[in-house]
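Following: one structure in structure tokens, then a few remarks.
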Amino acid sequence: MKIGSNQRLSGRSYLDGQCLIAMPGMADTRFSRSVVYVCAHSEDGAMGIIVNKPAADTRFPDLLVQLDVIPSEELIRLPSQAEKLQVLRGGPVETKRGFVLHTADFFLESATLPIDDGICLTATLDILRAIAIGSGPESAVLALGYAGWGAGQLESEIQANGWLHCAADPALLFDDGVETKYARALGKIGIDPAFLSSEAGHA
């Protein structure tokens, strides 16, 4: 089933396919200055991937060997796209598990979740094998872990001025300029980060 950002449940709109932008006053330091791509959002809760926090000292080729996707002697044959694929800290939940956010030119039946605007999520080793041999998606990032919210939790955090949200675009999700993604996300809704304060939204 395709999940779209325009779906409404019980008369409320949900944020599938949108990006959340952490406000300066975000109480949870794990999400400080985070941009989170929302993969699923319903009355039962929400799930997303942080797209602007690199996983320190973690390289995609090394992970391929650690996960027995390819033997170490085959690393020299990796396509350039695989060598450069970004590994991100996707969130504080299930941090040992990998989630590949990617363009819709790659699809595995019963494994790939279409989200919105040509973006998909796949969390199996098969997509890693495909990337390793050059038959994966055109654009992708690998996230270790994800961000999760229980029923009503994300809505409460937004009402408490924890998050703004903006439309997603491929550059915001996939390009390697992670250090500028926070400012770019704010720019998409016309906000200069310099003018934000931790008290934004309070009269």
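In the structure tokens, chains take the letters A, B, ... in the order shown, each chain's residues start at 1, and ligands count up from 1 in the order shown.
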Considering only C-alpha atoms, return as a PyMOL selection string whatever protein or nucleic-acid residues lie within 7 Å of A:Ala147, sequence-local ones (same chain, fewer than 4 positions apart) excluded.
-> chain A and resi 47-49+90-93
Find the spatial neighbours of A:Ile133, counting only C-alpha atoms, within a cut-off of 12 Å - ignore same-chain residues fewer than 6 positions away - and output them as a PyMOL selection string.
-> chain A and resi 61+64+69-70+74-83+126-127
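Residues of stretch 20-60 of chain A that DSSP, applied to the backbone, places in strand (DSSP E): A:Leu20, A:Ile21, A:Ala22, A:Val35, A:Val36, A:Tyr37, A:Val38, A:Cys39, A:Ala40, A:His41, A:Ser42, A:Gly45, A:Ala46, A:Met47, A:Gly48, A:Ile49, A:Ile50.
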Using only C-alpha atoms, which of A:Leu128, A:Leu154, A:Ala56, A:Ala168 sits nearest A:Asp44?
->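 Closest to A:Asp44 of all the choices is A:Leu154.
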Do you know which residues are at most 7 Å from A:Leu113 counting only C-alpha atoms, after dropping those on the same chain fewer than 4 positions away, and could you put them as a count of residues only?
-> 3
Find the residues near stretch 136-141 of chain A: any atom within 7 Å, counting only C-alpha atoms, skip ones fewer than 3 places away on the same chain, and give them as a list in words.
-> Leu85, Gln86, Val87, Val100, Leu101, His102, Thr103, Asp105, Phe106, Ile127, Ala130, Ile131 and Phe174 of chain A
Nearest to A:Met26: which of A:Leu164, A:Thr180, A:Ala46, A:Asp57 is it, counting only C-alpha atoms?
->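 Under the stated criterion, the closest residue is A:Leu164.
Atom CA of A:Leu108 sits 12.4 Å away from atom CA of A:Ser135.
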Suppose you want the space between atom CA of A:Val35 and atom CA of A:Leu125; what is it in Å?
-> 25.5 Å
Between atom CA of A:Ile115 and atom CA of A:His41, measure the distance and give it in Å to one decimal.
->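 Going from atom CA of A:Ile115 over to atom CA of A:His41, I get 10.4 Å.
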In stretch 56-184 of chain A, DSSP alpha helix (DSSP H) residues written as a PyMOL selection string | chain A and resi 60-66+80-84+125-132+153-159+170-174+181-184
Distance criterion (only C-alpha atoms): nearest to A:Glu179 out of A:Ala123, A:Ala22, A:Val51, A:Ala160 = A:Val51
Mind checking which residues fall within 6 Å of A:Leu144, counting only C-alpha atoms, ignoring those fewer than 2 positions away in the same chain, and posting them as number ranges by chain?
-> A: 89-90, 95, 97-98
Store the residues picked out above, limited to N, CA, C and O atoms, as a short mmCIF file (atom, residue, chain, number, x, y, z; two decimals), in the first residue's frame.
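Output file part17.cif is given in full below:
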```cif
data_model
loop_
_atom_site.label_atom_id
_atom_site.label_comp_id
_atom_site.auth_asym_id
_atom_site.auth_seq_id
_atom_site.Cartn_x
_atom_site.Cartn_y
_atom_site.Cartn_z
N ARG A 89 23.15 8.19 11.20
CA ARG A 89 22.52 7.81 12.46
C ARG A 89 21.04 8.12 12.31
O ARG A 89 20.59 9.24 12.44
N GLY A 90 20.27 7.09 11.99
CA GLY A 90 18.88 7.30 11.63
C GLY A 90 17.95 7.61 12.78
O GLY A 90 16.85 8.12 12.58
N THR A 95 19.30 0.74 16.85
CA THR A 95 20.49 1.35 16.24
C THR A 95 21.43 0.35 15.56
O THR A 95 22.33 0.76 14.84
N ARG A 97 20.23 -1.91 13.52
CA ARG A 97 19.52 -2.35 12.31
C ARG A 97 19.63 -1.29 11.23
O ARG A 97 19.60 -0.10 11.50
N GLY A 98 19.79 -1.74 9.98
CA GLY A 98 19.95 -0.82 8.87
C GLY A 98 18.66 -0.61 8.09
O GLY A 98 17.89 -1.55 7.85
#
```
Which is closer to A:Asn52 than all the others in A:Cys166, A:Ala151, A:Ile21, A:Ala27, using only C-alpha atoms?
->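 Of A:Cys166, A:Ala151, A:Ile21, A:Ala27, the one nearest A:Asn52 is A:Ile21, counting only C-alpha atoms.
Closest approach to A:Gly45 among A:His165, A:Tyr14, A:Gln159, A:Glu109: A:Tyr14, based on only C-alpha atoms.
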